[in-house]
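The structure file model_38.csv is reproduced below (CSV, C-alpha atoms and all ligand atoms).
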chain,number,residue,atom,x,y,z
A,1,MET,CA,211.3,-22.2,-59.2
A,2,GLY,CA,214.7,-23.6,-59.9
A,3,VAL,CA,216.3,-20.1,-59.5
A,4,PHE,CA,214.4,-19.6,-56.3
A,5,LEU,CA,215.6,-22.9,-54.8
A,6,GLY,CA,219.1,-22.1,-55.9
A,7,SER,CA,219.2,-18.8,-54.2
A,8,LEU,CA,217.6,-20.3,-51.1
A,9,HIS,CA,220.2,-23.0,-51.0
A,10,HIS,CA,223.0,-20.4,-51.4
A,11,ALA,CA,221.4,-18.3,-48.6
A,12,VAL,CA,221.3,-21.3,-46.3
A,13,ARG,CA,224.9,-22.1,-47.0
A,14,MET,CA,225.9,-18.4,-46.1
A,15,VAL,CA,223.9,-18.6,-42.9
A,16,ARG,CA,225.6,-21.9,-42.0
A,17,GLN,CA,229.1,-20.4,-42.7
A,18,MET,CA,228.3,-17.4,-40.5
A,19,GLY,CA,227.1,-19.9,-37.9
A,20,LEU,CA,230.4,-21.7,-38.0
A,21,LYS,CA,232.3,-18.5,-37.6
A,22,ALA,CA,230.3,-17.8,-34.5
A,23,LEU,CA,231.0,-21.3,-33.3
A,24,LEU,CA,234.7,-21.1,-34.0
A,25,ASN,CA,234.8,-17.9,-32.0
A,26,GLY,CA,232.8,-19.3,-29.1
A,27,LYS,CA,234.2,-20.4,-25.7
A,28,THR,CA,231.7,-23.0,-24.4
A,29,GLY,CA,233.0,-26.2,-22.8
A,30,MET,CA,232.9,-29.2,-25.2
A,31,ALA,CA,231.6,-31.9,-22.9
A,32,ASP,CA,228.7,-29.8,-21.6
A,33,ASP,CA,227.6,-28.9,-25.1
A,34,TYR,CA,227.5,-32.6,-26.0
A,35,SER,CA,225.0,-33.4,-23.3
A,36,GLN,CA,222.8,-30.4,-24.2
A,37,ALA,CA,222.7,-30.6,-28.0
A,38,SER,CA,219.8,-32.2,-29.8
A,39,ASP,CA,219.8,-34.9,-32.5
A,40,SER,CA,216.5,-33.8,-33.8
A,41,ASP,CA,217.3,-30.7,-35.9
A,42,ASP,CA,216.3,-31.5,-39.4
A,43,SER,CA,216.7,-28.0,-40.8
A,44,ALA,CA,220.1,-28.9,-42.4
A,45,GLU,CA,218.5,-31.3,-44.8
A,46,LEU,CA,215.5,-29.2,-45.9
A,47,PHE,CA,217.3,-27.6,-48.8
A,48,SER,CA,220.5,-29.6,-49.6
A,49,PRO,CA,221.0,-33.2,-50.8
A,50,LEU,CA,223.7,-35.2,-48.9
A,51,HIS,CA,227.3,-35.6,-50.1
A,52,PRO,CA,227.7,-38.6,-52.5
A,53,VAL,CA,229.4,-40.5,-49.8
A,54,PHE,CA,225.9,-41.0,-48.4
A,55,ALA,CA,224.5,-42.2,-51.7
A,56,ASP,CA,223.9,-45.8,-50.5
A,57,ALA,CA,223.2,-44.9,-46.8
A,58,PRO,CA,220.0,-46.0,-45.2
A,59,GLY,CA,217.1,-43.5,-45.0
A,60,SER,CA,216.0,-44.5,-41.5
A,61,VAL,CA,215.5,-42.1,-38.7
A,62,ASN,CA,218.0,-44.0,-36.6
A,63,PHE,CA,220.7,-43.6,-39.1
A,64,ARG,CA,220.0,-39.9,-39.6
A,65,LYS,CA,220.2,-39.3,-35.8
A,66,LEU,CA,223.4,-41.3,-35.6
A,67,ARG,CA,224.9,-39.4,-38.5
A,68,LYS,CA,223.9,-36.0,-37.0
A,69,ARG,CA,225.3,-36.9,-33.6
A,70,LEU,CA,228.7,-37.8,-35.0
A,71,VAL,CA,228.7,-34.7,-37.2
A,72,ARG,CA,227.7,-32.5,-34.3
A,73,GLN,CA,230.3,-34.0,-31.9
A,74,THR,CA,233.0,-33.6,-34.6
A,75,GLN,CA,232.0,-30.0,-35.3
A,76,GLU,CA,232.1,-29.3,-31.5
A,77,ALA,CA,235.6,-30.7,-31.2
A,78,ILE,CA,236.8,-28.7,-34.2
A,79,ARG,CA,235.5,-25.6,-32.6
A,80,ALA,CA,236.5,-26.3,-29.0
A,81,TYR,CA,240.1,-27.2,-29.8
A,82,GLY,CA,240.5,-24.5,-32.5
A,83,MET,CA,241.4,-26.9,-35.3
A,84,VAL,CA,240.4,-24.4,-38.1
A,85,PRO,CA,242.3,-21.2,-38.1
A,86,ASP,CA,240.6,-17.8,-38.5
A,87,GLY,CA,241.1,-16.0,-41.8
A,88,ARG,CA,242.7,-18.7,-44.0
A,89,ARG,CA,241.6,-22.0,-45.6
A,90,PRO,CA,244.0,-24.8,-44.6
A,91,ARG,CA,244.5,-28.1,-46.3
A,92,TRP,CA,244.3,-31.3,-44.3
A,93,LEU,CA,245.7,-34.7,-45.0
A,94,VAL,CA,243.0,-37.2,-43.9
A,95,CYS,CA,244.5,-40.5,-43.2
A,96,LEU,CA,242.6,-43.7,-44.0
A,97,SER,CA,243.7,-47.1,-43.0
A,98,GLY,CA,240.6,-48.8,-44.3
A,99,GLY,CA,239.2,-49.4,-40.8
A,100,LYS,CA,235.8,-48.2,-39.5
A,101,ASP,CA,237.2,-45.2,-37.7
A,102,SER,CA,239.0,-43.6,-40.6
A,103,TYR,CA,236.1,-44.2,-43.0
A,104,THR,CA,233.8,-42.5,-40.5
A,105,LEU,CA,236.3,-39.6,-40.1
A,106,LEU,CA,236.3,-38.9,-43.8
A,107,SER,CA,232.5,-39.2,-44.2
A,108,VAL,CA,231.9,-36.8,-41.3
A,109,LEU,CA,234.4,-34.3,-42.6
A,110,LEU,CA,232.9,-34.4,-46.1
A,111,ASP,CA,229.5,-34.0,-44.6
A,112,LEU,CA,230.6,-30.8,-42.8
A,113,GLN,CA,232.4,-29.5,-45.8
A,114,TRP,CA,229.4,-30.2,-48.0
A,115,GLN,CA,227.2,-28.2,-45.6
A,116,GLY,CA,229.6,-25.3,-45.8
A,117,ALA,CA,230.5,-25.8,-42.2
A,118,LEU,CA,234.2,-26.8,-42.6
A,119,PRO,CA,236.3,-24.2,-44.6
A,120,VAL,CA,239.1,-26.7,-45.2
A,121,ASP,CA,240.4,-28.5,-48.3
A,122,LEU,CA,240.6,-32.3,-47.7
A,123,LEU,CA,243.1,-34.7,-49.3
A,124,ALA,CA,242.3,-38.3,-48.4
A,125,CYS,CA,245.4,-40.5,-48.1
A,126,ASN,CA,246.2,-44.2,-47.6
A,127,LEU,CA,249.6,-45.7,-46.9
A,128,ASP,CA,250.0,-49.2,-48.3
A,129,GLN,CA,252.7,-50.6,-45.9
A,130,GLY,CA,253.3,-53.8,-47.9
A,131,GLN,CA,251.4,-56.1,-45.6
A,132,PRO,CA,250.7,-59.5,-47.0
A,133,GLY,CA,247.3,-59.7,-48.6
A,134,PHE,CA,246.7,-56.0,-48.5
A,135,PRO,CA,243.8,-55.4,-51.0
A,136,LYS,CA,245.3,-52.5,-53.0
A,137,HIS,CA,242.2,-51.8,-55.1
A,138,ILE,CA,239.7,-51.1,-52.3
A,139,LEU,CA,240.6,-47.6,-51.2
A,140,PRO,CA,241.4,-46.2,-54.7
A,141,GLU,CA,238.0,-47.6,-55.9
A,142,TYR,CA,236.2,-46.1,-52.9
A,143,PHE,CA,237.8,-42.7,-53.3
A,144,ALA,CA,237.0,-42.6,-57.0
A,145,LYS,CA,233.4,-43.7,-56.4
A,146,ILE,CA,232.7,-40.8,-53.9
A,147,GLY,CA,234.8,-38.4,-56.0
A,148,VAL,CA,237.3,-37.4,-53.3
A,149,PRO,CA,240.8,-36.1,-54.1
A,150,HIS,CA,243.3,-38.6,-52.8
A,151,ARG,CA,246.8,-39.9,-52.7
A,152,ILE,CA,247.9,-43.5,-52.3
A,153,ILE,CA,251.4,-44.1,-51.0
A,154,THR,CA,253.1,-47.4,-51.3
A,155,GLN,CA,256.1,-48.0,-49.0
A,156,ASP,CA,257.0,-51.4,-47.7
A,157,THR,CA,257.6,-50.7,-44.0
A,158,TYR,CA,256.3,-54.3,-43.3
A,159,SER,CA,259.6,-55.9,-44.5
A,160,VAL,CA,261.7,-53.5,-42.5
A,161,VAL,CA,259.6,-54.1,-39.3
A,162,THR,CA,259.6,-57.9,-39.5
A,163,GLU,CA,263.3,-57.9,-40.2
A,164,LYS,CA,264.2,-55.6,-37.3
A,165,VAL,CA,261.7,-56.7,-34.6
A,166,PRO,CA,262.0,-60.2,-33.1
A,167,ALA,CA,258.9,-62.3,-33.9
A,168,SER,CA,258.1,-62.6,-30.1
A,169,ASN,CA,257.7,-58.8,-29.8
A,170,THR,CA,254.9,-56.6,-31.1
A,171,TYR,CA,255.7,-54.7,-34.3
A,172,CYS,CA,253.5,-51.7,-33.5
A,173,SER,CA,256.0,-49.3,-32.0
A,174,LEU,CA,258.4,-49.3,-35.0
A,175,CYS,CA,255.6,-49.7,-37.5
A,176,SER,CA,253.7,-46.6,-36.3
A,177,ARG,CA,256.9,-44.5,-36.0
A,178,MET,CA,257.7,-45.3,-39.6
A,179,ARG,CA,254.1,-44.6,-40.7
A,180,ARG,CA,254.1,-41.3,-38.9
A,181,GLY,CA,257.3,-40.2,-40.6
A,182,ILE,CA,255.9,-41.0,-44.0
A,183,LEU,CA,252.6,-39.2,-43.4
A,184,TYR,CA,254.5,-36.1,-42.2
A,185,ARG,CA,256.6,-36.2,-45.4
A,186,VAL,CA,253.5,-36.5,-47.6
A,187,ALA,CA,251.7,-33.7,-45.7
A,188,ARG,CA,254.6,-31.4,-46.4
A,189,GLU,CA,254.8,-32.4,-50.1
A,190,GLU,CA,251.1,-31.8,-50.5
A,191,GLY,CA,251.1,-28.4,-48.7
A,192,CYS,CA,248.9,-29.7,-45.9
A,193,GLU,CA,249.2,-28.1,-42.5
A,194,ALA,CA,247.7,-31.0,-40.6
A,195,VAL,CA,247.7,-34.8,-40.5
A,196,VAL,CA,244.2,-35.8,-39.5
A,197,LEU,CA,243.6,-39.1,-37.7
A,198,GLY,CA,240.5,-41.2,-36.8
A,199,HIS,CA,241.1,-41.7,-33.1
A,200,HIS,CA,238.0,-41.4,-31.0
A,201,ARG,CA,236.8,-40.9,-27.4
A,202,ASP,CA,237.5,-44.5,-26.4
A,203,ASP,CA,241.0,-44.6,-27.9
A,204,SER,CA,241.8,-41.5,-25.9
A,205,LEU,CA,240.3,-43.0,-22.7
A,206,GLU,CA,242.1,-46.3,-23.1
A,207,THR,CA,245.4,-44.4,-23.6
A,208,PHE,CA,244.7,-42.4,-20.5
A,209,MET,CA,244.1,-45.6,-18.5
A,210,LEU,CA,247.2,-47.2,-19.9
A,211,ASN,CA,249.3,-44.3,-18.9
A,212,PHE,CA,247.7,-44.1,-15.5
A,213,LEU,CA,247.9,-47.8,-14.6
A,214,PHE,CA,251.1,-48.9,-16.5
A,215,GLY,CA,252.9,-45.7,-17.5
A,216,GLY,CA,253.0,-43.7,-14.2
A,217,ARG,CA,251.6,-40.5,-15.8
A,218,LEU,CA,248.4,-38.7,-16.5
A,219,ALA,CA,248.1,-38.3,-20.3
A,220,ALA,CA,245.5,-39.2,-22.9
A,221,MET,CA,245.5,-38.7,-26.7
A,222,PRO,CA,245.4,-35.0,-27.4
A,223,PRO,CA,242.8,-33.7,-29.9
A,224,LYS,CA,245.4,-31.4,-31.3
A,225,LEU,CA,249.2,-31.3,-31.1
A,226,VAL,CA,252.1,-29.8,-33.0
A,227,ASN,CA,254.7,-32.4,-34.2
A,228,ASP,CA,258.3,-32.3,-32.8
A,229,ALA,CA,259.6,-30.5,-35.9
A,230,GLY,CA,257.0,-27.7,-35.2
A,231,ASP,CA,255.7,-27.5,-38.8
A,232,LEU,CA,252.5,-29.7,-38.7
A,233,PHE,CA,249.4,-30.2,-36.6
A,234,VAL,CA,248.1,-33.7,-35.7
A,235,LEU,CA,244.4,-33.5,-35.3
A,236,ARG,CA,241.8,-35.9,-34.0
A,237,PRO,CA,238.3,-34.4,-34.8
A,238,LEU,CA,236.5,-37.6,-33.6
A,239,ILE,CA,237.8,-37.2,-30.1
A,240,GLY,CA,234.3,-36.7,-28.7
A,241,CYS,CA,232.7,-39.6,-30.6
A,242,ALA,CA,231.9,-42.9,-29.0
A,243,GLU,CA,233.4,-46.0,-30.6
A,244,ASP,CA,230.1,-47.7,-30.3
A,245,ASP,CA,228.4,-45.0,-32.5
A,246,ILE,CA,231.3,-45.3,-35.0
A,247,ARG,CA,230.9,-49.0,-35.2
A,248,LYS,CA,227.2,-48.8,-35.8
A,249,PHE,CA,227.7,-46.0,-38.4
A,250,ALA,CA,230.3,-47.9,-40.3
A,251,GLY,CA,228.1,-51.0,-40.4
A,252,LEU,CA,225.1,-49.1,-41.7
A,253,MET,CA,227.3,-47.3,-44.3
A,254,GLN,CA,228.7,-50.7,-45.4
A,255,PHE,CA,232.2,-49.3,-45.7
A,256,PRO,CA,234.5,-51.7,-47.6
A,257,ILE,CA,236.6,-52.5,-44.4
A,258,ILE,CA,240.1,-53.7,-44.8
A,259,PRO,CA,241.0,-56.1,-42.0
A,260,CYS,CA,243.4,-54.7,-39.4
A,261,ASN,CA,245.3,-58.0,-38.7
A,262,LEU,CA,247.1,-58.3,-42.0
A,263,CYS,CA,250.5,-57.5,-40.3
A,264,GLY,CA,250.1,-60.5,-37.9
A,265,SER,CA,250.8,-58.3,-34.9
A,266,GLN,CA,248.5,-58.5,-31.9
A,267,GLU,CA,247.1,-55.5,-30.1
A,268,GLY,CA,249.1,-55.0,-26.8
A,269,LEU,CA,248.0,-57.2,-24.0
A,270,GLN,CA,247.7,-54.2,-21.7
A,271,ARG,CA,245.4,-52.3,-24.0
A,272,MET,CA,243.2,-55.4,-24.3
A,273,GLN,CA,243.0,-55.6,-20.5
A,274,ILE,CA,242.0,-51.9,-20.3
A,275,LYS,CA,239.4,-52.4,-23.0
A,276,SER,CA,237.8,-55.3,-21.2
A,277,LEU,CA,238.0,-53.4,-17.9
A,278,LEU,CA,236.2,-50.4,-19.4
A,279,ASP,CA,233.7,-52.7,-21.2
A,280,ASP,CA,232.9,-54.4,-17.9
A,281,TRP,CA,232.3,-51.1,-16.1
A,282,GLU,CA,230.2,-49.8,-18.9
A,283,LYS,CA,228.0,-53.0,-18.8
A,284,ARG,CA,227.5,-52.8,-15.1
A,285,ASN,CA,227.2,-48.9,-15.0
A,286,PRO,CA,226.1,-47.6,-18.4
A,287,GLY,CA,227.5,-44.1,-19.0
A,288,ARG,CA,230.9,-44.7,-17.3
A,289,ARG,CA,232.9,-44.2,-20.4
A,290,GLN,CA,231.3,-40.8,-21.2
A,291,THR,CA,231.7,-39.7,-17.6
A,292,MET,CA,235.4,-40.7,-17.6
A,293,ALA,CA,235.9,-39.0,-20.9
A,294,ARG,CA,234.3,-35.8,-19.6
A,295,ALA,CA,236.7,-35.9,-16.6
A,296,LEU,CA,239.5,-35.5,-19.1
A,297,SER,CA,238.3,-32.0,-19.9
A,298,HIS,CA,237.6,-31.0,-16.3
A,299,VAL,CA,241.0,-31.2,-14.8
A,300,ARG,CA,241.9,-29.4,-11.5
A,301,PRO,CA,245.7,-29.0,-11.3
A,302,SER,CA,245.4,-27.7,-7.7
A,303,HIS,CA,243.9,-31.1,-6.7
A,304,LEU,CA,246.7,-33.2,-8.2
A,305,VAL,CA,250.2,-33.4,-6.8
A,306,ASP,CA,252.3,-32.1,-9.7
A,307,ALA,CA,254.3,-29.1,-8.5
A,308,GLU,CA,255.2,-28.2,-12.0
A,309,LEU,CA,251.6,-28.0,-13.0
A,310,PHE,CA,250.4,-26.0,-10.0
A,311,ASP,CA,252.3,-23.5,-7.8
A,312,PHE,CA,251.8,-25.0,-4.4
A,313,ALA,CA,254.7,-23.2,-2.9
A,314,GLY,CA,253.2,-19.9,-4.1
A,315,LEU,CA,249.9,-20.5,-2.3
A,316,ASP,CA,249.4,-18.0,0.5
A,317,LEU,CA,246.8,-17.2,3.1
A,318,GLY,CA,244.5,-14.4,2.1
A,319,ALA,CA,244.5,-15.3,-1.6
A,320,PRO,CA,241.4,-16.8,-3.2
A,321,GLY,CA,240.7,-20.4,-2.0
A,322,THR,CA,241.5,-23.3,-4.2
A,323,LYS,CA,238.3,-25.3,-3.3
A,324,ASP,CA,238.5,-27.3,-0.1
A,325,ASP,CA,236.0,-29.9,-1.2
A,326,GLY,CA,238.7,-32.5,-1.7
A,327,LEU,CA,239.4,-32.8,2.1
B,401,LIG,S1,248.7,-53.4,-35.7
B,401,LIG,FE1,250.1,-53.9,-37.5
B,401,LIG,S2,249.8,-52.2,-38.9
B,401,LIG,FE2,249.0,-51.5,-36.9
B,401,LIG,S3,250.7,-50.4,-35.9
B,401,LIG,FE3,250.8,-52.6,-35.3
B,401,LIG,S4,252.2,-53.5,-36.7
B,401,LIG,FE4,251.5,-51.6,-37.6
Structure translated into structure tokens:
Amino acid sequence: MGVFLGSLHHAVRMVRQMGLKALLNGKTGMADDYSQASDSDDSAELFSPLHPVFADAPGSVNFRKLRKRLVRQTQEAIRAYGMVPDGRRPRWLVCLSGGKDSYTLLSVLLDLQWQGALPVDLLACNLDQGQPGFPKHILPEYFAKIGVPHRIITQDTYSVVTEKVPASNTYCSLCSRMRRGILYRVAREEGCEAVVLGHHRDDSLETFMLNFLFGGRLAAMPPKLVNDAGDLFVLRPLIGCAEDDIRKFAGLMQFPIIPCNLCGSQEGLQRMQIKSLLDDWEKRNPGRRQTMARALSHVRPSHLVDAELFDFAGLDLGAPGTKDDGL
């Protein structure tokens, strides 16, 4: 019986891996797939136990659906944006700050990897930036408990930032620039081709609105980019996941959250305004955030006014029309 189940488990893994290959080669639009996919497919759990990261997770149907939704949306993003290369197994540096988003990111990636659906080696990583009261023991203990390879880096950027930036200004710009430089260095040292971050749908949407309303440009947070030096990817596999789902998931998983205000810096006033604007719209018209996020993947360059993006001068009569429904 044990031998039979073992072979069956192996066969299921093989089928899943073949399924992933097909997915990675597919071309379907991400947003449409989200709305059509189902949360009710239980086949993935018939034969395999869950990764140890879920050892203390609730057994409720609601939790299972939530977990599956996050996993499915993440897998879709990985496929739609070509995050995993064909024909080789990359190594990813998965960055954890100790907040809800990054814990969720790691759990979902481990889940996919455990199911044989993510042919990637993962190295979890935390950067201790020397903020006062930073609980150094929490993440190493967590990584050890779930048995995940990890690296903790200690570098006191906090002192540098507080010394250089006047107390009346926000520290975030310099702080995040320094953090990025350190993470790039560690990724290179560890032979990782990508730095993987926990930003989600709502982070991207807020960034888009900030750029639109305050920055004078149309730009969100990209799901995948190449760094300026051209030697590393920056990936955001949670780009299709709603913050609300992540918040609920993190609460149910009882992650040992590290507070995000240890540095004493406030979130930018403009970002807070955008958040409350979006929250207000969402309350009055549920579904607005998802619709707006979908718009980011349905762009019509011919209906914007950027001559570098669309060749208006080259438009000529007799050529195929460019949709006149915007008149
Ligand atoms: S909130 Fe604090 S830790 Fe985060 S980027 Fe800003 S200064 Fe750095």
Inset, instruction - For each of A:Leu218, A:Val53, A:Ala77, A:Cys263, take the minimum atom-to-atom distance to ligand LIG 401 (chain B), counting all atoms listed in the file, then give the residue where this is smallest. - result: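 Among A:Leu218, A:Val53, A:Ala77, A:Cys263, it is A:Cys263 that comes nearest to ligand LIG 401 (chain B).
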Inset, instruction - Taking only C-alpha atoms and all ligand atoms into account, report as a ChimeraX atom specification which residues have an atom no farther than 10 Å from an atom of ligand LIG 401 (chain B). - result: /A:97,128-131,157-158,161-162,170-179,260-268
Inset, instruction - For CA of Leu109 (chain A) and CA of His199 (chain A), quote the distance in Å rounded to one decimal. - result: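 Distance between the two atoms: 13.8 Å.
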Inset, instruction - Could you please give me, as number ranges by chain, the residues of protein, DNA or RNA lying at most 10 Å from (251.0, -30.0, -48.1) in the coordinate frame of the file, considering all atoms listed in the file? - result: A: 90-93, 123, 184-195, 232
Inset, instruction - Have a look at CA of Arg151 (chain A) and CA of Thr104 (chain A) and let me know their distance in Å, one decimal. - result: 18.0 Å
Inset, instruction - Considering only C-alpha atoms, state which residue in the set A:Ala124, A:Ile246, A:Leu118, A:Ile239 is at the smallest distance from Tyr142 (chain A). - result: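 Closest residue, counting only C-alpha atoms: A:Ala124.
The space between CA of Gln115 (chain A) and CA of Glu76 (chain A) spans 15.0 Å.
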Could region 283-309 of chain A be completed with N, CA and C atoms and written as a CSV table (one decimal), in the frame of the given file, please?
chain,number,residue,atom,x,y,z
A,283,LYS,N,229.2,-52.0,-18.9
A,283,LYS,CA,228.0,-53.0,-18.8
A,283,LYS,C,227.3,-52.9,-17.5
A,284,ARG,N,228.1,-52.8,-16.4
A,284,ARG,CA,227.5,-52.8,-15.1
A,284,ARG,C,227.0,-51.4,-14.7
A,285,ASN,N,227.6,-50.3,-15.3
A,285,ASN,CA,227.2,-48.9,-15.0
A,285,ASN,C,227.2,-48.1,-16.3
A,286,PRO,N,226.1,-48.3,-17.1
A,286,PRO,CA,226.1,-47.6,-18.4
A,286,PRO,C,226.4,-46.1,-18.2
A,287,GLY,N,227.2,-45.6,-19.1
A,287,GLY,CA,227.5,-44.1,-19.0
A,287,GLY,C,228.9,-43.9,-18.4
A,288,ARG,N,229.6,-44.9,-17.9
A,288,ARG,CA,230.9,-44.7,-17.3
A,288,ARG,C,231.9,-44.1,-18.3
A,289,ARG,N,231.9,-44.7,-19.5
A,289,ARG,CA,232.9,-44.2,-20.4
A,289,ARG,C,232.7,-42.7,-20.7
A,290,GLN,N,231.5,-42.3,-20.9
A,290,GLN,CA,231.3,-40.8,-21.2
A,290,GLN,C,231.7,-40.0,-20.0
A,291,THR,N,231.4,-40.5,-18.8
A,291,THR,CA,231.7,-39.7,-17.6
A,291,THR,C,233.2,-39.6,-17.5
A,292,MET,N,233.9,-40.7,-17.7
A,292,MET,CA,235.4,-40.7,-17.6
A,292,MET,C,236.0,-39.7,-18.7
A,293,ALA,N,235.4,-39.8,-19.9
A,293,ALA,CA,235.9,-39.0,-20.9
A,293,ALA,C,235.7,-37.5,-20.6
A,294,ARG,N,234.5,-37.2,-19.9
A,294,ARG,CA,234.3,-35.8,-19.6
A,294,ARG,C,235.3,-35.3,-18.5
A,295,ALA,N,235.7,-36.2,-17.7
A,295,ALA,CA,236.7,-35.9,-16.6
A,295,ALA,C,238.0,-35.4,-17.3
A,296,LEU,N,238.3,-35.9,-18.4
A,296,LEU,CA,239.5,-35.5,-19.1
A,296,LEU,C,239.5,-34.0,-19.5
A,297,SER,N,238.3,-33.4,-19.6
A,297,SER,CA,238.3,-32.0,-19.9
A,297,SER,C,237.9,-31.2,-18.7
A,298,HIS,N,237.9,-31.8,-17.6
A,298,HIS,CA,237.6,-31.0,-16.3
A,298,HIS,C,238.7,-31.3,-15.3
A,299,VAL,N,239.9,-30.8,-15.6
A,299,VAL,CA,241.0,-31.2,-14.8
A,299,VAL,C,241.3,-30.0,-13.7
A,300,ARG,N,241.6,-30.4,-12.5
A,300,ARG,CA,241.9,-29.4,-11.5
A,300,ARG,C,243.4,-29.6,-11.1
A,301,PRO,N,244.2,-28.9,-11.7
A,301,PRO,CA,245.7,-29.0,-11.3
A,301,PRO,C,245.9,-28.8,-9.8
A,302,SER,N,245.1,-28.0,-9.2
A,302,SER,CA,245.4,-27.7,-7.7
A,302,SER,C,245.0,-28.9,-6.9
A,303,HIS,N,244.3,-29.9,-7.5
A,303,HIS,CA,243.9,-31.1,-6.7
A,303,HIS,C,244.7,-32.4,-7.2
A,304,LEU,N,245.7,-32.1,-7.9
A,304,LEU,CA,246.7,-33.2,-8.2
A,304,LEU,C,248.0,-32.9,-7.4
A,305,VAL,N,249.0,-33.6,-7.7
A,305,VAL,CA,250.2,-33.4,-6.8
A,305,VAL,C,251.4,-33.1,-7.7
A,306,ASP,N,251.2,-32.4,-8.8
A,306,ASP,CA,252.3,-32.1,-9.7
A,306,ASP,C,252.7,-30.6,-9.5
A,307,ALA,N,253.8,-30.5,-8.8
A,307,ALA,CA,254.3,-29.1,-8.5
A,307,ALA,C,254.7,-28.3,-9.7
A,308,GLU,N,254.9,-29.0,-10.8
A,308,GLU,CA,255.2,-28.2,-12.0
A,308,GLU,C,254.0,-27.7,-12.7
A,309,LEU,N,252.9,-28.3,-12.4
A,309,LEU,CA,251.6,-28.0,-13.0
A,309,LEU,C,250.9,-26.9,-12.2
